[in-house]
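What's in protein35.pdb: PDB, C-alpha atoms
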ATOM      1  CA  MET C 109      -6.678  -9.355 -12.099
ATOM      2  CA  ILE C 110      -3.819  -8.257  -9.856
ATOM      3  CA  VAL C 111      -5.618  -9.091  -6.590
ATOM      4  CA  VAL C 112      -8.256 -11.767  -5.983
ATOM      5  CA  LEU C 113      -9.661 -12.670  -2.555
ATOM      6  CA  GLN C 114     -12.208 -15.480  -2.411
ATOM      7  CA  SER C 115     -14.168 -16.339   0.743
ATOM      8  CA  VAL C 116     -11.382 -15.020   2.973
ATOM      9  CA  SER C 117     -11.891 -15.143   6.738
ATOM     10  CA  LYS C 118      -9.526 -14.224   9.567
ATOM     11  CA  SER C 119      -9.783 -14.395  13.347
ATOM     12  CA  TYR C 120      -7.473 -13.981  16.330
ATOM     13  CA  GLN C 121      -7.390 -15.555  19.763
ATOM     14  CA  THR C 122      -7.866 -13.006  22.570
ATOM     15  CA  ALA C 123      -8.194 -13.235  26.332
ATOM     16  CA  GLU C 124     -11.970 -13.025  25.869
ATOM     17  CA  GLY C 125     -12.027 -15.760  23.236
ATOM     18  CA  ARG C 126     -11.901 -15.981  19.474
ATOM     19  CA  LEU C 127     -12.311 -12.625  17.700
ATOM     20  CA  GLU C 128     -13.511 -12.810  14.114
ATOM     21  CA  VAL C 129     -11.943  -9.913  12.202
ATOM     22  CA  LEU C 130     -12.892 -10.743   8.598
ATOM     23  CA  HIS C 131     -15.719 -12.954   7.401
ATOM     24  CA  ASP C 132     -16.114 -14.456   3.934
ATOM     25  CA  ILE C 133     -14.527 -11.581   1.970
ATOM     26  CA  ASP C 134     -14.686 -11.585  -1.831
ATOM     27  CA  LEU C 135     -12.744  -8.835  -3.579
ATOM     28  CA  SER C 136     -10.829  -8.314  -6.819
ATOM     29  CA  LEU C 137      -8.833  -5.512  -8.409
ATOM     30  CA  GLU C 138      -7.402  -5.227 -11.904
ATOM     31  CA  ALA C 139      -4.303  -3.441 -13.171
ATOM     32  CA  GLY C 140      -4.615   0.320 -13.565
ATOM     33  CA  ARG C 141      -7.550   0.605 -11.128
ATOM     34  CA  SER C 142      -7.776   1.977  -7.596
ATOM     35  CA  LEU C 143      -9.979   0.693  -4.783
ATOM     36  CA  ALA C 144     -10.635   2.285  -1.397
ATOM     37  CA  LEU C 145     -11.285   0.158   1.686
ATOM     38  CA  THR C 146     -13.382   2.267   4.041
ATOM     39  CA  GLY C 147     -14.886   1.541   7.433
ATOM     40  CA  GLU C 148     -14.698   2.451  11.088
ATOM     41  CA  SER C 149     -11.710   1.602  13.270
ATOM     42  CA  GLY C 150     -11.708  -2.115  13.990
ATOM     43  CA  SER C 151     -13.730  -3.037  10.909
ATOM     44  CA  GLY C 152     -10.900  -5.165   9.503
ATOM     45  CA  LYS C 153      -9.416  -2.816   6.893
ATOM     46  CA  SER C 154      -5.762  -3.091   7.911
ATOM     47  CA  THR C 155      -6.063  -6.837   8.480
ATOM     48  CA  LEU C 156      -7.344  -7.253   4.922
ATOM     49  CA  LEU C 157      -4.433  -5.190   3.609
ATOM     50  CA  HIS C 158      -1.908  -7.273   5.564
ATOM     51  CA  LEU C 159      -3.415 -10.465   4.171
ATOM     52  CA  ALA C 160      -3.199  -9.078   0.632
ATOM     53  CA  ALA C 161       0.479  -8.314   1.239
ATOM     54  CA  GLY C 162       1.181 -11.824   2.490
ATOM     55  CA  LEU C 163       2.145 -10.441   5.895
ATOM     56  CA  ASP C 164      -0.454 -12.650   7.596
ATOM     57  CA  HIS C 165      -2.355 -15.836   6.794
ATOM     58  CA  PRO C 166      -6.137 -16.205   6.421
ATOM     59  CA  ASP C 167      -7.954 -18.881   8.402
ATOM     60  CA  SER C 168      -9.773 -19.884   5.240
ATOM     61  CA  GLY C 169     -10.244 -18.738   1.665
ATOM     62  CA  ARG C 170      -7.931 -18.017  -1.237
ATOM     63  CA  ILE C 171      -5.722 -14.991  -1.994
ATOM     64  CA  GLU C 172      -4.066 -14.559  -5.370
ATOM     65  CA  ILE C 173      -1.604 -11.767  -6.176
ATOM     66  CA  ALA C 174      -0.459 -11.297  -9.788
ATOM     67  CA  GLY C 175      -1.426 -14.871 -10.608
ATOM     68  CA  GLN C 176       0.235 -16.463  -7.575
ATOM     69  CA  GLU C 177      -1.774 -18.047  -4.761
ATOM     70  CA  ILE C 178       0.135 -16.792  -1.763
ATOM     71  CA  SER C 179      -0.906 -19.627   0.562
ATOM     72  CA  ARG C 180       1.167 -21.939  -1.645
ATOM     73  CA  LEU C 181       4.297 -19.825  -1.188
ATOM     74  CA  SER C 182       6.933 -20.260   1.500
ATOM     75  CA  ASP C 183       7.961 -17.354   3.713
ATOM     76  CA  VAL C 184      10.856 -16.774   1.320
ATOM     77  CA  GLY C 185       8.458 -16.866  -1.623
ATOM     78  CA  ARG C 186       6.104 -14.328  -0.031
ATOM     79  CA  THR C 187       9.046 -12.049   0.714
ATOM     80  CA  ALA C 188      10.161 -12.314  -2.906
ATOM     81  CA  LEU C 189       6.615 -11.557  -4.081
ATOM     82  CA  ARG C 190       6.472  -8.408  -1.954
ATOM     83  CA  ARG C 191       9.865  -7.347  -3.233
ATOM     84  CA  SER C 192       9.038  -7.849  -6.912
ATOM     85  CA  VAL C 193       5.282  -7.262  -7.192
ATOM     86  CA  VAL C 194       3.935  -5.380  -4.173
ATOM     87  CA  GLY C 195       4.680  -1.855  -2.964
ATOM     88  CA  LEU C 196       3.662  -0.768   0.545
ATOM     89  CA  VAL C 197       2.909   2.768   1.729
ATOM     90  CA  PHE C 198       2.190   3.216   5.425
ATOM     91  CA  GLN C 199       0.913   6.046   7.600
ATOM     92  CA  GLN C 200       4.213   6.116   9.529
ATOM     93  CA  PHE C 201       6.402   6.633   6.396
ATOM     94  CA  ASN C 202       9.032   4.041   7.529
ATOM     95  CA  LEU C 203      11.943   5.820   5.862
ATOM     96  CA  ILE C 204      15.466   4.653   6.717
ATOM     97  CA  PRO C 205      16.899   7.396   8.968
ATOM     98  CA  SER C 206      20.534   6.706   8.053
ATOM     99  CA  LEU C 207      19.882   7.201   4.314
ATOM    100  CA  ASP C 208      19.362  10.519   2.549
ATOM    101  CA  VAL C 209      16.334  11.133   0.328
ATOM    102  CA  ALA C 210      18.084   9.950  -2.858
ATOM    103  CA  ALA C 211      19.109   6.657  -1.242
ATOM    104  CA  ASN C 212      15.679   6.149   0.335
ATOM    105  CA  LEU C 213      14.041   6.665  -3.058
ATOM    106  CA  ALA C 214      16.281   4.050  -4.671
ATOM    107  CA  PHE C 215      16.188   1.505  -1.839
ATOM    108  CA  HIS C 216      13.299  -0.766  -2.888
ATOM    109  CA  ALA C 217      14.102  -0.529  -6.586
ATOM    110  CA  ARG C 218      17.650  -1.722  -5.931
ATOM    111  CA  LEU C 219      16.381  -4.615  -3.784
ATOM    112  CA  ALA C 220      14.017  -5.626  -6.597
ATOM    113  CA  GLY C 221      16.778  -5.326  -9.204
ATOM    114  CA  ARG C 222      14.778  -2.675 -11.077
ATOM    115  CA  TYR C 223      16.627   0.530 -10.317
ATOM    116  CA  ASP C 224      16.057   2.923 -13.240
ATOM    117  CA  PRO C 225      17.844   6.299 -12.927
ATOM    118  CA  ALA C 226      15.566   7.926 -15.523
ATOM    119  CA  TRP C 227      12.405   6.790 -13.720
ATOM    120  CA  GLN C 228      13.797   7.913 -10.358
ATOM    121  CA  THR C 229      14.618  11.316 -11.850
ATOM    122  CA  GLU C 230      11.072  11.612 -13.174
ATOM    123  CA  LEU C 231       9.606  10.635  -9.813
ATOM    124  CA  THR C 232      11.901  13.104  -8.049
ATOM    125  CA  GLU C 233      10.686  15.915 -10.291
ATOM    126  CA  ARG C 234       7.003  14.952 -10.106
ATOM    127  CA  LEU C 235       7.168  14.660  -6.323
ATOM    128  CA  GLY C 236       8.969  17.986  -5.926
ATOM    129  CA  LEU C 237      11.941  16.426  -4.155
ATOM    130  CA  GLY C 238      14.787  17.722  -6.322
ATOM    131  CA  ALA C 239      16.050  20.199  -3.723
ATOM    132  CA  LEU C 240      15.808  17.635  -0.906
ATOM    133  CA  LEU C 241      17.871  14.722  -2.231
ATOM    134  CA  MET C 242      20.785  15.273   0.177
ATOM    135  CA  ARG C 243      18.586  15.690   3.233
ATOM    136  CA  TYR C 244      17.788  12.997   5.790
ATOM    137  CA  PRO C 245      14.282  12.020   6.964
ATOM    138  CA  GLU C 246      14.588  13.949  10.234
ATOM    139  CA  GLN C 247      15.131  17.109   8.191
ATOM    140  CA  LEU C 248      11.842  16.729   6.304
ATOM    141  CA  SER C 249       8.261  17.728   7.047
ATOM    142  CA  GLY C 250       5.561  15.082   7.275
ATOM    143  CA  GLY C 251       4.323  15.853   3.771
ATOM    144  CA  GLN C 252       7.840  15.642   2.369
ATOM    145  CA  GLN C 253       8.462  12.314   4.111
ATOM    146  CA  GLN C 254       5.250  10.879   2.706
ATOM    147  CA  ARG C 255       6.183  11.988  -0.804
ATOM    148  CA  VAL C 256       9.538  10.217  -0.382
ATOM    149  CA  ALA C 257       7.725   7.079   0.847
ATOM    150  CA  ILE C 258       5.447   7.115  -2.201
ATOM    151  CA  GLY C 259       8.391   7.680  -4.527
ATOM    152  CA  ARG C 260      10.357   4.842  -2.917
ATOM    153  CA  THR C 261       7.422   2.501  -3.484
ATOM    154  CA  LEU C 262       6.795   3.514  -7.100
ATOM    155  CA  ALA C 263      10.506   3.527  -8.028
ATOM    156  CA  ALA C 264      10.421  -0.290  -8.046
ATOM    157  CA  ARG C 265       7.460  -0.267 -10.499
ATOM    158  CA  PRO C 266       5.239  -2.603  -8.446
ATOM    159  CA  LYS C 267       2.169  -4.186 -10.004
ATOM    160  CA  LEU C 268       0.239  -3.616  -6.777
ATOM    161  CA  VAL C 269       0.431  -0.689  -4.342
ATOM    162  CA  LEU C 270      -1.039  -1.274  -0.879
ATOM    163  CA  ALA C 271      -1.504   1.935   1.110
ATOM    164  CA  ASP C 272      -2.641   2.011   4.748
ATOM    165  CA  GLU C 273      -3.992   5.469   5.668
ATOM    166  CA  PRO C 274      -1.186   7.103   3.629
ATOM    167  CA  THR C 275      -2.346  10.645   4.459
ATOM    168  CA  GLY C 276      -3.415   9.966   8.048
ATOM    169  CA  ASN C 277      -0.543  11.955   9.591
ATOM    170  CA  LEU C 278      -0.923  14.937   7.261
ATOM    171  CA  ASP C 279      -3.119  18.018   7.411
ATOM    172  CA  GLU C 280      -6.069  18.012   5.012
ATOM    173  CA  ALA C 281      -4.558  20.241   2.321
ATOM    174  CA  THR C 282      -1.224  18.380   2.285
ATOM    175  CA  GLY C 283      -2.980  15.027   2.406
ATOM    176  CA  ASP C 284      -5.204  15.927  -0.545
ATOM    177  CA  ALA C 285      -2.195  17.022  -2.599
ATOM    178  CA  VAL C 286      -0.192  13.891  -1.740
ATOM    179  CA  LEU C 287      -3.141  11.609  -2.568
ATOM    180  CA  ALA C 288      -3.746  13.354  -5.911
ATOM    181  CA  LEU C 289      -0.099  12.888  -6.832
ATOM    182  CA  MET C 290      -0.082   9.243  -5.757
ATOM    183  CA  LEU C 291      -3.242   8.487  -7.766
ATOM    184  CA  SER C 292      -1.750  10.151 -10.830
ATOM    185  CA  LEU C 293       1.560   8.309 -10.594
ATOM    186  CA  VAL C 294      -0.055   4.942  -9.879
ATOM    187  CA  ALA C 295      -2.401   5.329 -12.846
ATOM    188  CA  GLU C 296       0.461   6.296 -15.162
ATOM    189  CA  SER C 297       2.540   3.313 -14.060
ATOM    190  CA  GLY C 298      -0.337   0.885 -14.699
ATOM    191  CA  ALA C 299      -0.285  -0.451 -11.143
ATOM    192  CA  ALA C 300      -3.327  -1.389  -9.099
ATOM    193  CA  LEU C 301      -3.895   0.559  -5.863
ATOM    194  CA  LEU C 302      -5.654  -0.807  -2.787
ATOM    195  CA  MET C 303      -5.903   1.924  -0.148
ATOM    196  CA  VAL C 304      -7.247   1.775   3.383
ATOM    197  CA  THR C 305      -8.863   4.976   4.615
ATOM    198  CA  HIS C 306     -11.384   5.880   7.293
ATOM    199  CA  SER C 307     -12.382   8.914   5.206
ATOM    200  CA  MET C 308     -15.326   8.515   2.839
ATOM    201  CA  ARG C 309     -14.308  11.843   1.279
ATOM    202  CA  LEU C 310     -10.880  10.501   0.302
ATOM    203  CA  GLY C 311     -12.325   7.149  -0.687
ATOM    204  CA  GLU C 312     -14.573   8.821  -3.240
ATOM    205  CA  ARG C 313     -11.494   9.972  -5.160
ATOM    206  CA  LEU C 314     -10.577   6.402  -6.087
ATOM    207  CA  ASP C 315     -12.153   4.391  -8.896
ATOM    208  CA  ALA C 316     -14.222   2.201  -6.581
ATOM    209  CA  ARG C 317     -14.960   1.694  -2.885
ATOM    210  CA  VAL C 318     -15.599  -1.263  -0.601
ATOM    211  CA  HIS C 319     -17.017  -0.564   2.862
ATOM    212  CA  LEU C 320     -16.293  -2.909   5.758
ATOM    213  CA  ARG C 321     -18.424  -3.189   8.866
ATOM    214  CA  SER C 322     -17.556  -5.719  11.587
ATOM    215  CA  GLY C 323     -15.393  -7.667   9.168
ATOM    216  CA  ARG C 324     -17.956  -7.926   6.407
ATOM    217  CA  ILE C 325     -18.421  -6.112   3.120
ATOM    218  CA  VAL C 326     -21.666  -4.109   3.261
TER     219      VAL C 326
END
Can you present the structure in this file as structure tokens?
Amino acid sequence: MIVVLQSVSKSYQTAEGRLEVLHDIDLSLEAGRSLALTGESGSGKSTLLHLAAGLDHPDSGRIEIAGQEISRLSDVGRTALRRSVVGLVFQQFNLIPSLDVAANLAFHARLAGRYDPAWQTELTERLGLGALLMRYPEQLSGGQQQRVAIGRTLAARPKLVLADEPTGNLDEATGDAVLALMLSLVAESGAALLMVTHSMRLGERLDARVHLRSGRIV
């Protein structure tokens, strides 16, 4: 298993008191499989994804990523885990504006020490970015930027891809095409994919689905 969550709960302190966001979550995902986290806004989807990435800490429970229990890791250790094992794809793309497409694609792979020119060339071709390598993010459409973001993530060959509404800023046709390409590339690389989406239609395209309601799996 690439991801294992056991009895995970998370809450936050608000002006109105303690807000329970996730309650007693059990979830697992193996290599080569994709899982959609669906649910209404505020159901805890993004919080669960952040916990799986080691970006936040659960109040209770156990989270294991690629055999490592992340609560036992230091901040430096969690950063190293994200760099070497986890790839993140966000709704807002988060490309580096001062780097062209080629440099953005290579960025995470170089940080992880796994830059592979042949694999980057293949990703560039599969993502249809060959004519855009010298352009900068501001010169790209939303769909093009998201394809670069996906390529940047996969260039480092992560074992786990965490995607938070990766097509949320795209029109339906572009979003469907980008998701199909991401699913294909993730499957071919042998990674596991955990994707947050509010869309049941998109969620049905993944191998399995987990629905959250008020912080609980239903």
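Omitting Gln228 (chain C) and its sequence neighbours fewer than 2 positions away, and counting all atoms listed in the file, the residues within 9 Å are Ala210, Leu213, Ala214, Tyr223, Asp224, Pro225, Ala226, Glu230, Leu231, Thr232, Glu233, Gly259, Arg260, Leu262 and Ala263 of chain C.
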Output of the above residues as a CSV table (one decimal), keeping the file's coordinate frame, restricted to C-alpha atoms:
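result06.csv written:
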chain,number,residue,atom,x,y,z
C,210,ALA,CA,18.1,10.0,-2.9
C,213,LEU,CA,14.0,6.7,-3.1
C,214,ALA,CA,16.3,4.0,-4.7
C,223,TYR,CA,16.6,0.5,-10.3
C,224,ASP,CA,16.1,2.9,-13.2
C,225,PRO,CA,17.8,6.3,-12.9
C,226,ALA,CA,15.6,7.9,-15.5
C,230,GLU,CA,11.1,11.6,-13.2
C,231,LEU,CA,9.6,10.6,-9.8
C,232,THR,CA,11.9,13.1,-8.0
C,233,GLU,CA,10.7,15.9,-10.3
C,259,GLY,CA,8.4,7.7,-4.5
C,260,ARG,CA,10.4,4.8,-2.9
C,262,LEU,CA,6.8,3.5,-7.1
C,263,ALA,CA,10.5,3.5,-8.0
One residue among C:Leu237, C:Leu291, C:Leu127, C:Leu270 is nearest to Ser154 (chain C) when using all atoms listed in the file, and that residue is C:Leu270
Picked residues, the PyMOL selection byres ((chain C and resi 268) around 9), as a PDB file with C-alpha atoms, in the coordinates of the input:
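The resulting file, result21.pdb, is shown below:
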ATOM      1  CA  ILE C 110      -3.819  -8.257  -9.856  1.00  0.00           C
ATOM      2  CA  VAL C 111      -5.618  -9.091  -6.590  1.00  0.00           C
ATOM      3  CA  ALA C 139      -4.303  -3.441 -13.171  1.00  0.00           C
ATOM      4  CA  ILE C 173      -1.604 -11.767  -6.176  1.00  0.00           C
ATOM      5  CA  ALA C 174      -0.459 -11.297  -9.788  1.00  0.00           C
ATOM      6  CA  VAL C 193       5.282  -7.262  -7.192  1.00  0.00           C
ATOM      7  CA  VAL C 194       3.935  -5.380  -4.173  1.00  0.00           C
ATOM      8  CA  GLY C 195       4.680  -1.855  -2.964  1.00  0.00           C
ATOM      9  CA  LEU C 196       3.662  -0.768   0.545  1.00  0.00           C
ATOM     10  CA  ARG C 265       7.460  -0.267 -10.499  1.00  0.00           C
ATOM     11  CA  PRO C 266       5.239  -2.603  -8.446  1.00  0.00           C
ATOM     12  CA  LYS C 267       2.169  -4.186 -10.004  1.00  0.00           C
ATOM     13  CA  VAL C 269       0.431  -0.689  -4.342  1.00  0.00           C
ATOM     14  CA  LEU C 270      -1.039  -1.274  -0.879  1.00  0.00           C
ATOM     15  CA  ALA C 299      -0.285  -0.451 -11.143  1.00  0.00           C
ATOM     16  CA  ALA C 300      -3.327  -1.389  -9.099  1.00  0.00           C
ATOM     17  CA  LEU C 301      -3.895   0.559  -5.863  1.00  0.00           C
ATOM     18  CA  LEU C 302      -5.654  -0.807  -2.787  1.00  0.00           C
TER      19      LEU C 302
END
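Between CA of His131 (chain C) and CA of Thr305 (chain C) the interatomic distance comes to 19.4 Å.
For the pair CA of Ala264 (chain C) and CA of Trp227 (chain C), the interatomic distance is 9.3 Å.
Interatomic distance, CA of Ser297 (chain C) to CA of Gly175 (chain C): 18.9 Å.
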- Task: Run the PyMOL selection byres ((chain C and resi 292) around 12) mentally over the shown coordinates, then write out the matched residues as a list of chain:residue names, using the chain letters and numbers from the document.
- Result: C:Gly140, C:Arg141, C:Ser142, C:Leu231, C:Arg234, C:Leu235, C:Ile258, C:Leu262, C:Ala285, C:Val286, C:Leu287, C:Ala288, C:Leu289, C:Met290, C:Leu291, C:Leu293, C:Val294, C:Ala295, C:Glu296, C:Ser297, C:Gly298, C:Ala299, C:Ala300, C:Leu301, C:Arg313, C:Leu314
For those residues, write C-alpha atoms to a file as a PDB file, keeping the file's coordinate frame.
ATOM      1  CA  GLY C 140      -4.615   0.320 -13.565  1.00  0.00           C
ATOM      2  CA  ARG C 141      -7.550   0.605 -11.128  1.00  0.00           C
ATOM      3  CA  SER C 142      -7.776   1.977  -7.596  1.00  0.00           C
ATOM      4  CA  LEU C 231       9.606  10.635  -9.813  1.00  0.00           C
ATOM      5  CA  ARG C 234       7.003  14.952 -10.106  1.00  0.00           C
ATOM      6  CA  LEU C 235       7.168  14.660  -6.323  1.00  0.00           C
ATOM      7  CA  ILE C 258       5.447   7.115  -2.201  1.00  0.00           C
ATOM      8  CA  LEU C 262       6.795   3.514  -7.100  1.00  0.00           C
ATOM      9  CA  ALA C 285      -2.195  17.022  -2.599  1.00  0.00           C
ATOM     10  CA  VAL C 286      -0.192  13.891  -1.740  1.00  0.00           C
ATOM     11  CA  LEU C 287      -3.141  11.609  -2.568  1.00  0.00           C
ATOM     12  CA  ALA C 288      -3.746  13.354  -5.911  1.00  0.00           C
ATOM     13  CA  LEU C 289      -0.099  12.888  -6.832  1.00  0.00           C
ATOM     14  CA  MET C 290      -0.082   9.243  -5.757  1.00  0.00           C
ATOM     15  CA  LEU C 291      -3.242   8.487  -7.766  1.00  0.00           C
ATOM     16  CA  LEU C 293       1.560   8.309 -10.594  1.00  0.00           C
ATOM     17  CA  VAL C 294      -0.055   4.942  -9.879  1.00  0.00           C
ATOM     18  CA  ALA C 295      -2.401   5.329 -12.846  1.00  0.00           C
ATOM     19  CA  GLU C 296       0.461   6.296 -15.162  1.00  0.00           C
ATOM     20  CA  SER C 297       2.540   3.313 -14.060  1.00  0.00           C
ATOM     21  CA  GLY C 298      -0.337   0.885 -14.699  1.00  0.00           C
ATOM     22  CA  ALA C 299      -0.285  -0.451 -11.143  1.00  0.00           C
ATOM     23  CA  ALA C 300      -3.327  -1.389  -9.099  1.00  0.00           C
ATOM     24  CA  LEU C 301      -3.895   0.559  -5.863  1.00  0.00           C
ATOM     25  CA  ARG C 313     -11.494   9.972  -5.160  1.00  0.00           C
ATOM     26  CA  LEU C 314     -10.577   6.402  -6.087  1.00  0.00           C
TER      27      LEU C 314
END
- Task: Do a neighbour search on region 160-165 of chain C at 7 Å with all atoms listed in the file, toss out local chain neighbours closer than 5 positions, and write the hits as a VMD selection string.
- Result: chain C and resid 171 178 186 190
On this structure, which residues satisfy the PyMOL selection byres ((chain C and resi 198) around 12), written as a PyMOL selection string? chain C and resi 154+157-158+195-197+199-203+253-258+260-261+269-277+303-305
| request: Please identify all polymer residues within 10 Å of Val318 (chain C), counting all atoms listed in the file, omitting same-chain residues fewer than 4 positions from it, and present them as a VMD selection string. | output: chain C and resid 135 143 to 147 153 304 311 324 to 326
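For Glu148 (chain C), the non-local neighbours within 10 Å, defined as residues at least 3 positions apart in the same chain or in other chains and counting only C-alpha atoms, are C:Ser151, C:Gly152, C:Lys153, C:Thr305, C:His306, C:Ser307, C:His319, C:Leu320, C:Arg321, C:Ser322.
Checking C:Met109, C:Leu310, C:Met242, C:Ala316 one by one against Ser206 (chain C), counting only C-alpha atoms, you find the shortest gap at C:Met242.
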